[in-house]
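entry.txt follows; it contains compact mmCIF, C-alpha atoms.
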# COMPACT_ATOMS: atom_id res chain seq x y z
CA MET I 1 64.48 -97.91 34.61
CA ALA I 2 62.44 -100.46 36.45
CA VAL I 3 64.26 -101.97 39.41
CA TYR I 4 62.13 -105.11 39.54
CA SER I 5 61.51 -107.36 36.59
CA LEU I 6 58.50 -109.66 36.73
CA ARG I 7 60.34 -112.25 34.70
CA ARG I 8 63.37 -112.22 36.93
CA ILE I 9 61.39 -112.58 40.15
CA LEU I 10 59.39 -115.48 38.68
CA TRP I 11 62.40 -117.14 37.10
CA GLU I 12 64.54 -116.97 40.25
CA SER I 13 61.80 -117.88 42.72
CA TYR I 14 59.93 -120.72 41.03
CA PRO I 15 62.67 -123.39 41.18
CA THR I 16 63.38 -122.67 44.86
CA LEU I 17 59.67 -122.76 45.68
CA VAL I 18 59.22 -126.11 43.95
CA LEU I 19 62.29 -127.59 45.67
CA CYS I 20 60.93 -126.41 49.03
CA ALA I 21 57.47 -127.78 48.23
CA ALA I 22 59.03 -131.15 47.46
CA ILE I 23 60.81 -131.16 50.85
CA SER I 24 57.65 -130.07 52.69
CA LEU I 25 55.73 -132.80 50.93
CA SER I 26 57.69 -135.30 53.04
CA ALA I 27 56.04 -133.74 56.09
CA GLY I 28 52.70 -134.39 54.40
CA LEU I 29 53.70 -137.98 53.70
CA ILE I 30 54.62 -138.51 57.36
CA LEU I 31 51.24 -137.10 58.44
CA ASP I 32 49.43 -139.31 55.94
CA SER I 33 51.24 -142.40 57.22
CA GLN I 34 50.01 -141.56 60.74
CA MET I 35 46.32 -141.17 59.84
CA GLU I 36 45.30 -143.98 62.22
CA SER I 37 46.88 -142.20 65.19
CA ILE I 38 45.39 -138.90 64.04
CA LYS I 39 41.91 -140.44 63.97
CA VAL I 40 42.33 -141.51 67.59
CA PHE I 41 44.13 -138.35 68.67
CA PRO I 42 43.22 -135.45 66.34
CA LEU I 43 45.02 -132.95 68.60
CA ILE I 44 48.15 -133.97 66.66
CA LEU I 45 46.78 -131.91 63.77
CA ALA I 46 46.18 -128.91 66.00
CA MET I 47 49.84 -129.05 67.04
CA VAL I 48 51.32 -129.19 63.54
CA PRO I 49 50.95 -125.53 62.48
CA PRO I 50 52.26 -124.19 65.83
CA ILE I 51 55.35 -126.41 66.02
CA ASN I 52 56.20 -125.86 62.34
CA GLY I 53 55.24 -122.20 62.23
CA ILE I 54 57.14 -121.18 65.36
CA ASN I 55 60.15 -123.34 64.55
CA ASN I 56 60.27 -121.72 61.11
CA ASN I 57 59.87 -118.23 62.53
CA VAL I 58 62.63 -118.64 65.09
CA CYS I 59 65.04 -120.11 62.56
CA SER I 60 64.11 -117.54 59.90
CA ILE I 61 65.03 -114.78 62.32
CA LEU I 62 68.33 -116.56 63.06
CA GLY I 63 68.90 -117.13 59.33
CA ALA I 64 68.24 -113.47 58.48
CA ARG I 65 70.51 -112.31 61.29
CA LEU I 66 73.32 -114.69 60.25
CA ALA I 67 72.98 -113.62 56.61
CA SER I 68 73.38 -109.97 57.59
CA ALA I 69 76.28 -110.80 59.95
CA LEU I 70 78.08 -112.81 57.25
CA HIS I 71 77.68 -109.94 54.80
CA MET I 72 79.00 -107.45 57.36
CA GLY I 73 81.84 -109.77 58.34
CA THR I 74 80.98 -109.95 62.04
CA VAL I 75 80.47 -113.72 61.67
CA GLU I 76 82.85 -115.91 59.73
CA PRO I 77 81.78 -119.23 58.25
CA LYS I 78 83.46 -121.42 60.90
CA LEU I 79 82.34 -122.80 64.25
CA GLY I 80 85.05 -122.00 66.82
CA LYS I 81 85.64 -118.73 68.74
CA GLN I 82 82.71 -116.79 67.40
CA LYS I 83 81.30 -114.30 69.84
CA VAL I 84 78.54 -112.97 67.59
CA LEU I 85 77.48 -116.45 66.54
CA ARG I 86 77.40 -117.57 70.17
CA LYS I 87 75.26 -114.61 71.17
CA ASN I 88 72.86 -115.19 68.30
CA THR I 89 72.55 -118.86 69.16
CA ARG I 90 71.95 -118.09 72.82
CA ALA I 91 69.31 -115.49 71.97
CA THR I 92 67.60 -117.96 69.66
CA TRP I 93 67.56 -120.61 72.41
CA LEU I 94 66.09 -118.22 74.96
CA MET I 95 63.41 -117.09 72.51
CA SER I 96 62.52 -120.69 71.64
CA ILE I 97 62.24 -121.72 75.28
CA GLY I 98 60.03 -118.70 76.00
CA VAL I 99 57.68 -119.07 73.06
CA PHE I 100 57.38 -122.88 73.21
CA TRP I 101 56.80 -122.85 76.95
CA PHE I 102 53.98 -120.37 76.32
CA THR I 103 52.52 -122.49 73.51
CA SER I 104 52.77 -125.69 75.57
CA ALA I 105 50.93 -123.96 78.40
CA ILE I 106 48.12 -122.99 76.00
CA PHE I 107 47.83 -126.61 74.85
CA PHE I 108 47.68 -127.66 78.51
CA VAL I 109 44.74 -125.31 79.10
CA MET I 110 43.05 -126.40 75.87
CA ALA I 111 43.41 -130.07 76.82
CA LEU I 112 42.10 -129.43 80.32
CA ILE I 113 39.06 -127.50 79.04
CA THR I 114 38.20 -130.23 76.52
CA GLY I 115 38.12 -132.69 79.43
CA MET I 116 41.38 -134.59 79.00
CA GLY I 117 42.11 -134.82 82.74
CA LEU I 118 44.95 -133.21 84.67
CA ALA I 119 47.55 -135.97 84.33
CA ARG I 120 47.12 -136.42 80.59
CA SER I 121 47.02 -132.66 80.02
CA ILE I 122 50.38 -132.29 81.78
CA MET I 123 51.76 -135.17 79.72
CA LEU I 124 50.51 -133.50 76.54
CA MET I 125 52.16 -130.23 77.51
CA PHE I 126 55.40 -132.09 78.19
CA ALA I 127 55.17 -134.00 74.89
CA PHE I 128 54.74 -130.80 72.87
CA PHE I 129 57.53 -129.01 74.71
CA ALA I 130 59.98 -131.90 74.33
CA ALA I 131 59.18 -132.26 70.63
CA SER I 132 59.64 -128.55 70.04
CA MET I 133 63.00 -128.42 71.83
CA VAL I 134 64.43 -131.31 69.79
CA ALA I 135 62.98 -129.84 66.59
CA ILE I 136 64.42 -126.40 67.24
CA ALA I 137 67.88 -127.82 68.04
CA VAL I 138 67.99 -129.77 64.78
CA THR I 139 66.60 -126.91 62.69
CA MET I 140 69.00 -124.40 64.27
CA LEU I 141 71.97 -126.59 63.36
CA CYS I 142 70.65 -126.80 59.79
CA THR I 143 70.25 -123.01 59.70
CA ILE I 144 73.82 -122.35 60.81
CA GLY I 145 75.20 -125.05 58.50
CA LEU I 146 73.24 -123.82 55.48
CA ALA I 147 74.11 -120.18 56.13
CA PHE I 148 77.84 -121.01 56.24
CA LEU I 149 77.67 -123.37 53.30
CA SER I 150 75.76 -120.99 51.04
CA TYR I 151 78.03 -118.11 51.99
CA ALA I 152 81.16 -120.18 51.35
CA LYS I 153 79.76 -121.24 47.96
CA GLY I 154 79.17 -117.60 47.02
CA LEU I 155 75.36 -117.80 47.15
CA ASP I 156 73.43 -115.09 48.92
CA PRO I 157 72.29 -116.65 52.22
CA ASP I 158 69.28 -114.29 52.21
CA ASN I 159 67.83 -116.01 49.16
CA VAL I 160 68.69 -119.59 49.99
CA VAL I 161 68.74 -120.20 53.73
CA ILE I 162 65.25 -119.18 54.83
CA PRO I 163 63.19 -120.99 52.18
CA ILE I 164 65.14 -124.24 52.59
CA VAL I 165 65.28 -124.06 56.39
CA THR I 166 61.52 -123.57 56.66
CA SER I 167 60.91 -126.67 54.52
CA VAL I 168 63.41 -128.79 56.41
CA GLY I 169 61.87 -127.43 59.63
CA ASP I 170 58.45 -128.74 58.53
CA VAL I 171 59.78 -132.27 58.19
CA VAL I 172 61.77 -132.09 61.45
CA GLY I 173 58.81 -130.57 63.33
CA VAL I 174 56.25 -133.14 62.20
CA THR I 175 58.66 -136.03 62.86
CA CYS I 176 59.53 -134.88 66.39
CA LEU I 177 55.88 -134.15 67.19
CA ILE I 178 54.62 -137.56 66.12
CA ILE I 179 57.41 -139.49 67.84
CA SER I 180 56.96 -137.52 71.05
CA ILE I 181 53.15 -137.83 71.09
CA LYS I 182 53.39 -141.54 70.38
CA ILE I 183 55.85 -142.14 73.20
CA VAL I 184 54.25 -139.90 75.83
CA MET I 185 50.55 -140.27 75.02
CA ARG I 186 50.76 -143.86 73.76
CA VAL I 187 48.54 -143.40 70.71
CA MET K 1 80.73 -98.42 63.98
CA SER K 2 80.47 -101.34 66.35
CA ARG K 3 77.11 -101.65 67.99
CA GLU K 4 77.38 -104.18 70.81
CA LEU K 5 75.13 -107.12 70.10
CA SER K 6 72.81 -107.57 73.06
CA VAL K 7 71.23 -110.97 73.67
CA LYS K 8 68.64 -109.30 75.88
CA ALA K 9 67.54 -106.87 73.18
CA ILE K 10 67.19 -109.63 70.56
CA VAL K 11 65.20 -111.80 72.95
CA ILE K 12 62.83 -109.05 74.05
CA GLN K 13 62.17 -107.83 70.50
CA GLY K 14 61.89 -111.35 69.12
CA LEU K 15 59.77 -112.82 71.89
CA SER K 16 57.05 -110.20 71.73
CA ILE K 17 56.42 -110.87 68.06
CA LEU K 18 56.85 -114.66 68.49
CA LEU K 19 54.25 -114.86 71.25
CA LEU K 20 51.76 -113.10 69.00
CA CYS K 21 52.69 -115.50 66.20
CA ALA K 22 52.23 -118.47 68.55
CA ILE K 23 48.63 -117.48 69.24
CA ILE K 24 47.87 -117.12 65.52
CA GLU K 25 49.53 -120.49 64.81
CA ILE K 26 47.38 -122.15 67.47
CA LEU K 27 44.29 -120.75 65.70
CA ALA K 28 45.63 -122.22 62.43
CA GLY K 29 46.10 -125.50 64.29
CA ASN K 30 42.49 -125.48 65.43
CA VAL K 31 41.33 -125.05 61.84
CA PHE K 32 43.57 -127.98 60.84
CA GLU K 33 42.09 -130.13 63.61
CA GLY K 34 38.61 -129.04 62.52
CA MET K 35 39.36 -130.61 59.12
CA LYS K 36 40.01 -134.07 60.58
CA GLU K 37 36.87 -135.61 59.06
CA HIS K 38 37.74 -134.17 55.67
CA LEU K 39 41.33 -135.33 55.84
CA THR K 40 40.71 -138.85 57.12
CA ILE K 41 37.47 -139.78 55.37
CA MET K 42 36.19 -137.39 52.73
CA LEU K 43 39.34 -136.10 51.07
CA PRO K 44 42.10 -138.69 51.47
CA GLY K 45 45.46 -137.60 50.09
CA LEU K 46 44.79 -133.91 50.65
CA VAL K 47 46.91 -133.87 53.81
CA LEU K 48 50.02 -134.37 51.65
CA ALA K 49 49.53 -130.98 50.04
CA ILE K 50 48.94 -129.03 53.25
CA PRO K 51 52.49 -128.62 54.65
CA PRO K 52 53.84 -127.54 51.23
CA LEU K 53 50.96 -125.10 50.72
CA LEU K 54 51.53 -123.52 54.13
CA ASP K 55 55.26 -123.40 53.48
CA LEU K 56 54.72 -121.84 50.04
CA ARG K 57 52.62 -119.03 51.46
CA GLY K 58 55.31 -118.24 54.05
CA ASN K 59 58.03 -118.31 51.39
CA ILE K 60 56.22 -116.12 48.86
CA ASN K 61 55.06 -113.58 51.41
CA GLY K 62 58.26 -113.68 53.41
CA ALA K 63 60.12 -112.84 50.18
CA LEU K 64 57.58 -110.16 49.29
CA ALA K 65 57.90 -108.62 52.76
CA SER K 66 61.70 -108.67 52.65
CA ARG K 67 61.79 -107.21 49.10
CA LEU K 68 59.39 -104.47 50.15
CA GLY K 69 61.47 -103.85 53.27
CA THR K 70 64.60 -103.44 51.15
CA ALA K 71 62.74 -101.30 48.58
CA LEU K 72 61.40 -99.00 51.30
CA ASN K 73 64.80 -98.73 52.98
CA THR K 74 66.51 -97.84 49.70
CA GLY K 75 63.77 -95.43 48.66
CA VAL K 76 62.69 -97.40 45.57
CA ILE K 77 59.15 -97.52 46.96
CA GLU K 78 57.68 -94.61 48.87
CA PRO K 79 55.89 -95.35 52.12
CA LYS K 80 52.39 -94.52 50.95
CA LEU K 81 49.52 -96.58 49.65
CA SER K 82 49.57 -95.74 45.96
CA MET K 83 50.17 -98.22 43.16
CA SER K 84 53.61 -97.44 41.80
CA ALA K 85 55.02 -99.56 38.96
CA GLU K 86 57.53 -101.17 41.37
CA LEU K 87 54.86 -102.11 43.86
CA LYS K 88 52.69 -103.52 41.06
CA VAL K 89 55.47 -105.81 39.78
CA ASN K 90 56.06 -107.13 43.29
CA ILE K 91 52.40 -107.85 43.94
CA ILE K 92 51.64 -109.34 40.52
CA SER K 93 54.69 -111.59 40.66
CA SER K 94 53.67 -112.91 44.08
CA ILE K 95 50.19 -113.74 42.77
CA ILE K 96 51.48 -115.44 39.59
CA LEU K 97 53.93 -117.41 41.73
CA SER K 98 51.09 -118.46 44.05
CA PHE K 99 49.15 -119.78 41.07
CA LEU K 100 52.04 -121.64 39.41
CA ALA K 101 53.51 -123.07 42.59
CA SER K 102 50.13 -124.12 44.04
CA ALA K 103 49.30 -125.97 40.82
CA THR K 104 52.72 -127.64 40.97
CA ILE K 105 52.14 -128.66 44.59
CA GLY K 106 48.76 -130.18 43.65
CA LEU K 107 50.33 -132.23 40.86
CA LEU K 108 53.37 -133.20 42.95
CA SER K 109 51.27 -134.41 45.86
CA VAL K 110 49.15 -136.60 43.58
CA GLY K 111 52.29 -137.96 41.89
CA VAL K 112 54.14 -138.66 45.12
CA GLY K 113 50.95 -140.07 46.66
CA ALA K 114 50.60 -142.49 43.74
CA LEU K 115 54.25 -143.46 44.09
CA PHE K 116 53.71 -144.39 47.74
CA GLY K 117 50.41 -146.12 47.00
CA ILE K 118 48.29 -143.61 48.88
CA THR K 119 44.62 -143.64 47.95
CA SER K 120 43.73 -140.15 46.96
CA ILE K 121 40.91 -138.07 45.51
CA SER K 122 41.19 -137.17 41.81
CA VAL K 123 44.04 -135.05 40.46
CA LEU K 124 41.54 -132.45 39.33
CA ARG K 125 40.09 -131.99 42.82
CA ILE K 126 43.44 -131.75 44.60
CA VAL K 127 44.82 -129.32 42.00
CA THR K 128 41.63 -127.23 42.18
CA ILE K 129 41.77 -127.08 45.98
CA ALA K 130 45.47 -126.17 45.87
CA ILE K 131 45.09 -123.44 43.23
CA VAL K 132 41.94 -121.81 44.63
CA ALA K 133 43.23 -121.88 48.22
CA GLY K 134 46.70 -120.72 47.09
CA VAL K 135 45.48 -117.83 44.97
CA VAL K 136 42.71 -116.64 47.32
CA SER K 137 45.07 -116.58 50.31
CA GLY K 138 47.80 -115.13 48.06
CA VAL K 139 45.71 -112.14 46.99
CA ILE K 140 44.54 -111.36 50.53
CA LEU K 141 48.06 -111.84 51.92
CA ALA K 142 49.72 -109.67 49.26
CA ALA K 143 47.41 -106.79 50.21
CA ILE K 144 48.05 -107.28 53.94
CA THR K 145 51.82 -107.57 53.36
CA VAL K 146 51.95 -104.24 51.52
CA VAL K 147 49.99 -102.44 54.22
CA VAL K 148 51.99 -104.04 57.07
CA SER K 149 55.35 -103.40 55.36
CA ILE K 150 54.59 -99.72 54.87
CA PHE K 151 53.22 -99.42 58.39
CA ALA K 152 56.26 -101.23 59.80
CA TYR K 153 58.63 -98.99 57.83
CA VAL K 154 56.95 -95.83 59.06
CA ARG K 155 57.08 -97.19 62.62
CA GLY K 156 60.74 -98.15 62.24
CA TRP K 157 60.28 -101.92 62.79
CA ASP K 158 63.00 -104.17 61.47
CA PRO K 159 61.58 -106.07 58.47
CA ASP K 160 63.86 -109.07 59.21
CA ASN K 161 62.74 -109.46 62.79
CA VAL K 162 59.12 -108.31 62.64
CA THR K 163 57.42 -108.16 59.26
CA ALA K 164 58.65 -111.46 57.79
CA PRO K 165 57.72 -113.68 60.78
CA LEU K 166 54.40 -111.91 61.23
CA MET K 167 53.47 -112.31 57.57
CA ALA K 168 54.53 -115.96 57.50
CA THR K 169 52.26 -116.62 60.47
CA VAL K 170 49.24 -114.69 59.24
CA GLY K 171 49.84 -116.55 55.97
CA ASP K 172 49.64 -119.94 57.71
CA PHE K 173 46.33 -119.01 59.28
CA LEU K 174 44.74 -117.58 56.11
CA THR K 175 45.99 -120.49 53.97
CA MET K 176 44.63 -123.02 56.45
CA LEU K 177 41.30 -121.21 56.45
CA SER K 178 41.18 -121.05 52.64
CA ILE K 179 42.03 -124.75 52.30
CA PHE K 180 39.29 -125.54 54.79
CA LEU K 181 36.66 -123.42 53.01
CA VAL K 182 37.58 -124.70 49.55
CA ALA K 183 37.63 -128.30 50.81
CA VAL K 184 34.16 -127.88 52.31
CA LEU K 185 32.90 -126.47 48.99
CA VAL K 186 34.49 -129.27 46.96
CA VAL K 187 33.08 -132.11 49.10

What is this structure when it is put down as structure tokens?
Amino acid sequence: MAVYSLRRILWESYPTLVLCAAISLSAGLILDSQMESIKVFPLILAMVPPINGINNNVCSILGARLASALHMGTVEPKLGKQKVLRKNTRATWLMSIGVFWFTSAIFFVMALITGMGLARSIMLMFAFFAASMVAIAVTMLCTIGLAFLSYAKGLDPDNVVIPIVTSVGDVVGVTCLIISIKIVMRV
Amino acid sequence: MSRELSVKAIVIQGLSILLLCAIIEILAGNVFEGMKEHLTIMLPGLVLAIPPLLDLRGNINGALASRLGTALNTGVIEPKLSMSAELKVNIISSIILSFLASATIGLLSVGVGALFGITSISVLRIVTIAIVAGVVSGVILAAITVVVSIFAYVRGWDPDNVTAPLMATVGDFLTMLSIFLVAVLVV
């Protein structure tokens, strides 16, 4: 007997994928509305895949870990007195700080090489790092909330949390990035 | 069986893969920035479809990677590179999903664009770019996912922590590259 059915995979995945696409489309709309700033400062585009991609990766790892922990019963769907949840959250924070610091440093070097000047390159690095920290905080809260909610509703967090969190993360990432760049770089 | 959850272990394992992902995401970002002329002048409206297309690739291949991880762990698929029926269903479904969902994203972005009064290139062009980029990157990614999943299983990597983030990131880069190439051809 076949374990996987083509029909079932398609039927179960398509609606989720379209819902996620619709959420991600808002990130596209935000980018489109900022085309004037992008023309002046195209580095915004270069920063979109890293902030979204890394944010999504970090929260997908957290989502997968929480899903497994909820299934095993080491995490319960509530916020207080949760050792495992606290450890997971702390690990996620440390990873985010490490990877975004690294990415910000690369943007600093890129900006310096392309002749942006030391002061503006440092500001750019700061803008990216600040945006990523706010984005990761918001997306992490969404991940924990969605994991608990889906588990409490009897849905499998494995199938629901990661796709939705990555789409929400796209919108949060693009929003934080544009606000931060606009404030710090004044474009 | 209570294995003590170590923050240090999660961070070390997670960070090494995330730093690699960060570098690949920055490459994807550079491709995105390289498209600035296309996005602002030649192909207005296309930017709407880009976050959902990137997100779609991550979702389809993340799901493929996690299904393969489960299938390998439960022995449904053997860790060797031969086309079993189970493997075939998984790959074919991911390619059909790429086609259907990319077409939907193309249509959605034109529809939403029209709703917000965004001047855009024709429906036909956006849908063509979405489908060709989606399917081309989907086929390449499906092949890479299978190879990486089997390799990861043999090496004993955790599919949740390693394969899924890695595939999502490689997916971002390949999708960005495909969108760029198709957009250049269409112009």

Distance-based interface of chain K with chain I, 7 Å, counting only C-alpha atoms, as number ranges by chain: K: 7, 10-11, 14-15, 18-19, 22, 25-26, 28-30, 32-33, 36, 40, 47-52, 55-56, 59, 86, 89, 93, 97, 101, 105, 109, 160-161, 165, 169

Pairwise distance for CA of Ile92 (chain K) and CA of Val182 (chain K), rounded to one decimal in Å: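 Value for the CA of Ile92 (chain K)-CA of Val182 (chain K) distance: 22.7 Å.
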
Two-atom distance - CA of Ile131 (chain K), CA of Leu81 (chain K) (Å):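 Atom-to-atom, CA of Ile131 (chain K) and CA of Leu81 (chain K) are spaced 28.0 Å apart.
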
Need to verify the contact set: region 176-179 of chain I, 8 Å, only C-alpha atoms, exclusion of same-chain residues closer than 3 positions in sequence. Can you return it as an mmCIF file with C-alpha atoms, keeping the file's coordinate frame?
data_model
loop_
_atom_site.group_PDB
_atom_site.id
_atom_site.type_symbol
_atom_site.label_atom_id
_atom_site.label_comp_id
_atom_site.auth_asym_id
_atom_site.auth_seq_id
_atom_site.Cartn_x
_atom_site.Cartn_y
_atom_site.Cartn_z
ATOM 1 C CA ILE I 44 48.150 -133.970 66.660
ATOM 2 C CA MET I 47 49.840 -129.050 67.040
ATOM 3 C CA VAL I 48 51.320 -129.190 63.540
ATOM 4 C CA ILE I 51 55.350 -126.410 66.020
ATOM 5 C CA ALA I 127 55.170 -134.000 74.890
ATOM 6 C CA PHE I 128 54.740 -130.800 72.870
ATOM 7 C CA ALA I 131 59.180 -132.260 70.630
ATOM 8 C CA SER I 132 59.640 -128.550 70.040
ATOM 9 C CA VAL I 134 64.430 -131.310 69.790
ATOM 10 C CA ALA I 135 62.980 -129.840 66.590
ATOM 11 C CA VAL I 172 61.770 -132.090 61.450
ATOM 12 C CA GLY I 173 58.810 -130.570 63.330
ATOM 13 C CA LYS I 182 53.390 -141.540 70.380
ATOM 14 C CA ILE I 183 55.850 -142.140 73.200
#

Counting all atoms listed in the file, the option among K:Leu124, K:Ser16, K:Thr163, K:His38 closest to Arg67 (chain K):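 With all atoms listed in the file as the atom set, the closest residue is K:Thr163.
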
Computed interatomic separation between CA of Leu87 (chain K) and CA of Val135 (chain K) (Å):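 So the answer is 18.3 Å.
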
Exercise: residues within 12 Å of coordinate (65.6, -97.9, 54.6), counting only C-alpha atoms, as a list of chain:residue names: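 Within 12 Å of (65.6, -97.9, 54.6), the protein and nucleic acid residues are K:Ser66, K:Arg67, K:Leu68, K:Gly69, K:Thr70, K:Ala71, K:Leu72, K:Asn73, K:Thr74, K:Gly75, K:Val76, K:Ile77, K:Glu78, K:Pro79, K:Ser149, K:Ile150, K:Ala152, K:Tyr153, K:Val154, K:Arg155, K:Gly156, K:Trp157, K:Asp158, K:Pro159.
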